[in-house]
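What follows is a single structure, written as structure tokens, with notes after it.
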Amino acid sequence: MTTAFEKAAAFTALHTPAAPLALANAWDVASARIVEAAGAPAVATTSAGVAWSLGSPDGDALARDRALDLIARVASAVSVPVTADIEGGFAADAAGVGETVAGVLAAGAVGVNIEDGTRAPAEHAERLAAARAAADAAGVPLYVNARVDTYLFGLGEASTRLDETLARASAYLAAGASGVFVPGVTDPAVIAELAKGIDAPLNVLVGPGAPSVAELGALGAARVSLGSWVAEAAYAVVRRATEELLSGGTYGPLAGALPYGEVNALLKG
């Protein structure tokens, strides 16, 4: 794959319930190279991990230029397609989201996640349309993953949440989204209903206790993401190692660490 068009097309083709795209989200160049070296067909960034690594909280607080710089570093460090979590678009309005997406494409990524959060669905649809327009202008079939936060944030009444999620998904697809991401759901019955009701690849967020990738594929999910879990686990090692070092003077949490030479070699050349 030598062009953005080819990488974007290849990335889109990876979304299938028959063999769901399993993404262990990275947050810097080293983690991205490790993910690629482990055999992943694509690299996805985690907005939370990226923000934390750059000294910012997650949640539309990171400056756009810093996010784009990190995306460019990751995209240039791996050969597989890269999709970037750009939170709400790092912009105050739809036009700004279009500018962000143009920057993402210039940085070398071929996919984005854009979340609705607590925004009105109509406003988010406008932001997605701006993202699609920017990609069309660049001649790249960017994979726009529209995140629906109804379940993650517990928006609306529980009894109508599924219908609301499906309605938002339909509106977002009409605005130009390629797929739909519904974090906060691990119940097999709900996932099956989402997959049945969404006419596009369904992405779900997983972690401890969630069904396996194969089980999620059988339910209709086409993409499975670890999100910020990997970064959180890595930071947990930092805390455990520090606490044990200071309290007992021992080093148990360091067992199983990647060898220095192996990590260093991934960043050469």
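Ligands are numbered from 1 in the order shown, chains are lettered A, B, ... in the order of the structure tokens, and residues start at 1 in each chain.
Look at Val204 of chain A: the protein and nucleic acid residues within 6 Å of it, using only C-alpha atoms and passing over chain neighbours fewer than 2 places away, are Phe181, Val182, Pro183 and Val224 of chain A.
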Write down as a list in words the residues of segment 120-233 of chain A whose backbone DSSP state falls under strand (DSSP E or B). Tyr143, Val144, Asn145, Ala146, Arg147, Gly179, Val180, Phe181, Leu202, Asn203, Val204, Leu205, Arg223, Val224 and Ser225 of chain A
Those residues with C-alpha atoms, as a PDB file, in the first residue's frame please?
ATOM      1  CA  TYR A 143     -13.207   5.771   7.279  1.00  0.00           C
ATOM      2  CA  VAL A 144     -15.362   7.978   9.493  1.00  0.00           C
ATOM      3  CA  ASN A 145     -16.355   6.096  12.630  1.00  0.00           C
ATOM      4  CA  ALA A 146     -19.273   7.935  14.248  1.00  0.00           C
ATOM      5  CA  ARG A 147     -19.284   7.389  17.994  1.00  0.00           C
ATOM      6  CA  GLY A 179     -19.445   3.001  10.493  1.00  0.00           C
ATOM      7  CA  VAL A 180     -20.888   3.422  13.964  1.00  0.00           C
ATOM      8  CA  PHE A 181     -19.132   3.051  17.310  1.00  0.00           C
ATOM      9  CA  LEU A 202     -20.643  -1.800  14.177  1.00  0.00           C
ATOM     10  CA  ASN A 203     -17.715  -1.039  16.492  1.00  0.00           C
ATOM     11  CA  VAL A 204     -17.883  -1.934  20.190  1.00  0.00           C
ATOM     12  CA  LEU A 205     -15.569  -1.138  23.087  1.00  0.00           C
ATOM     13  CA  ARG A 223     -14.803  -3.931  14.862  1.00  0.00           C
ATOM     14  CA  VAL A 224     -13.654  -4.409  18.441  1.00  0.00           C
ATOM     15  CA  SER A 225     -11.547  -1.817  20.274  1.00  0.00           C
TER      16      SER A 225
END
Might you pull out every residue within 6 Å of segment 124-138 of chain A, with only C-alpha atoms counted and same-chain residues fewer than 5 positions away left off, and present them as a ChimeraX atom specification? /A:94,98,101-102,116,172,175-176
From segment 30-196 of chain A, collect each residue whose DSSP state is alpha helix (DSSP H) and return the set as an NGL selection string. :A and (30-37 or 47-53 or 64-77 or 94-107 or 121-138 or 161-174 or 188-196)
Selection near segment 162-169 of chain A, 8 Å with only C-alpha atoms, sequence-local residues under 6 positions removed, as a PyMOL selection string: chain A and resi 121+146+148+150+180+190+194+197-198
Do you know which residues are at most 8 Å from Ala67 of chain A counting only C-alpha atoms, after dropping those on the same chain fewer than 3 positions away, and could you put them as a ChimeraX atom specification? /A:50-51,62-64,70-71,86
To one decimal place, how far is atom CA of Asn264 of chain A from atom CA of Arg33 of chain A in Å?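 Computed distance, atom CA of Asn264 of chain A to atom CA of Arg33 of chain A, equals 10.6 Å.
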My list of candidates is A:Pro253, A:Gly154, A:Pro141, A:Gly108. Which is closest to Ala10 of chain A when distances are computed with only C-alpha atoms? A:Pro141
What's the separation between atom CA of Ser170 of chain A and atom CA of His15 of chain A, in Å to one decimal place?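 Straight-line distance from atom CA of Ser170 of chain A to atom CA of His15 of chain A works out to 18.2 Å.
Pairwise distance (atom CA of Ser79 of chain A, atom CA of Val263 of chain A) equals 17.2 Å.
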Do a neighbour search on Ala189 of chain A at 12 Å with only C-alpha atoms, toss out local chain neighbours closer than 2 positions, and write the hits as an NGL selection string. :A and (162 or 185-187 or 191-196 or 211 or 215-216 or 218-221)
Next, dump the selected residues to file, keeping only N, CA, C and O atoms, as a compact mmCIF listing (two decimals), in the first residue's frame.
# COMPACT_ATOMS: atom_id res chain seq x y z
N LEU A 162 -32.04 2.20 23.13
CA LEU A 162 -31.72 1.47 21.90
C LEU A 162 -32.28 2.18 20.69
O LEU A 162 -31.58 2.38 19.68
N VAL A 185 -21.46 -0.69 25.80
CA VAL A 185 -22.37 -1.84 25.65
C VAL A 185 -21.56 -3.13 25.55
O VAL A 185 -20.69 -3.27 24.69
N THR A 186 -21.84 -4.07 26.45
CA THR A 186 -21.24 -5.40 26.35
C THR A 186 -22.29 -6.50 26.44
O THR A 186 -21.97 -7.67 26.29
N ASP A 187 -23.56 -6.13 26.64
CA ASP A 187 -24.64 -7.10 26.70
C ASP A 187 -24.86 -7.70 25.32
O ASP A 187 -25.17 -6.96 24.36
N ILE A 191 -26.02 -5.79 21.75
CA ILE A 191 -25.09 -5.73 20.63
C ILE A 191 -25.72 -6.35 19.39
O ILE A 191 -25.61 -5.81 18.27
N ALA A 192 -26.42 -7.47 19.56
CA ALA A 192 -27.08 -8.11 18.42
C ALA A 192 -28.13 -7.20 17.81
O ALA A 192 -28.26 -7.11 16.58
N GLU A 193 -28.90 -6.49 18.66
CA GLU A 193 -29.91 -5.57 18.16
C GLU A 193 -29.27 -4.38 17.44
O GLU A 193 -29.78 -3.92 16.41
N LEU A 194 -28.16 -3.89 17.96
CA LEU A 194 -27.47 -2.79 17.31
C LEU A 194 -26.95 -3.22 15.93
O LEU A 194 -27.11 -2.50 14.95
N ALA A 195 -26.33 -4.39 15.88
CA ALA A 195 -25.80 -4.87 14.61
C ALA A 195 -26.91 -5.08 13.59
O ALA A 195 -26.75 -4.78 12.40
N LYS A 196 -28.04 -5.56 14.06
CA LYS A 196 -29.18 -5.79 13.17
C LYS A 196 -29.77 -4.48 12.66
O LYS A 196 -30.19 -4.39 11.51
N PRO A 211 -17.51 -10.01 26.08
CA PRO A 211 -17.43 -11.21 25.24
C PRO A 211 -16.17 -11.20 24.39
O PRO A 211 -15.58 -10.14 24.13
N GLU A 215 -17.00 -14.10 19.70
CA GLU A 215 -18.40 -14.03 20.13
C GLU A 215 -19.06 -12.74 19.65
O GLU A 215 -20.22 -12.75 19.21
N LEU A 216 -18.31 -11.65 19.68
CA LEU A 216 -18.86 -10.38 19.21
C LEU A 216 -19.09 -10.41 17.70
O LEU A 216 -20.08 -9.86 17.21
N ALA A 218 -19.90 -13.04 16.01
CA ALA A 218 -21.10 -13.85 15.82
C ALA A 218 -22.36 -13.04 16.08
O ALA A 218 -23.43 -13.31 15.51
N LEU A 219 -22.24 -12.02 16.93
CA LEU A 219 -23.37 -11.15 17.23
C LEU A 219 -23.58 -10.08 16.17
O LEU A 219 -24.60 -9.40 16.16
N GLY A 220 -22.56 -9.91 15.30
CA GLY A 220 -22.67 -8.93 14.22
C GLY A 220 -21.71 -7.77 14.29
O GLY A 220 -21.70 -6.91 13.40
N ALA A 221 -20.88 -7.70 15.34
CA ALA A 221 -19.90 -6.62 15.43
C ALA A 221 -18.79 -6.82 14.40
O ALA A 221 -18.32 -7.94 14.18
Residues within 6 Å of segment 41-49 of chain A, only C-alpha atoms, excluding chain neighbours under 4 positions, as a PDB file with C-alpha atoms, in the first residue's frame:
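The resulting file, result-v2.pdb, is reproduced below:
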ATOM      1  CA  ASN A  25      -5.247   1.195  20.750  1.00  0.00           C
ATOM      2  CA  ALA A  26      -1.873   2.940  20.856  1.00  0.00           C
ATOM      3  CA  TRP A  27      -0.947   6.358  22.226  1.00  0.00           C
ATOM      4  CA  ASP A  58      -9.148  13.542  27.836  1.00  0.00           C
ATOM      5  CA  VAL A  80      -0.255  -0.426   8.290  1.00  0.00           C
ATOM      6  CA  PRO A  81      -3.282   1.901   8.071  1.00  0.00           C
ATOM      7  CA  VAL A  82      -3.758   4.284  10.985  1.00  0.00           C
ATOM      8  CA  THR A  83      -7.068   5.524  12.329  1.00  0.00           C
ATOM      9  CA  ALA A  84      -7.078   8.420  14.775  1.00  0.00           C
ATOM     10  CA  ASP A  85      -9.463   9.143  17.608  1.00  0.00           C
ATOM     11  CA  GLY A 227      -9.789   1.962  23.700  1.00  0.00           C
ATOM     12  CA  SER A 228      -7.922   3.439  26.646  1.00  0.00           C
ATOM     13  CA  ALA A 231      -2.823   2.769  28.294  1.00  0.00           C
TER      14      ALA A 231
END
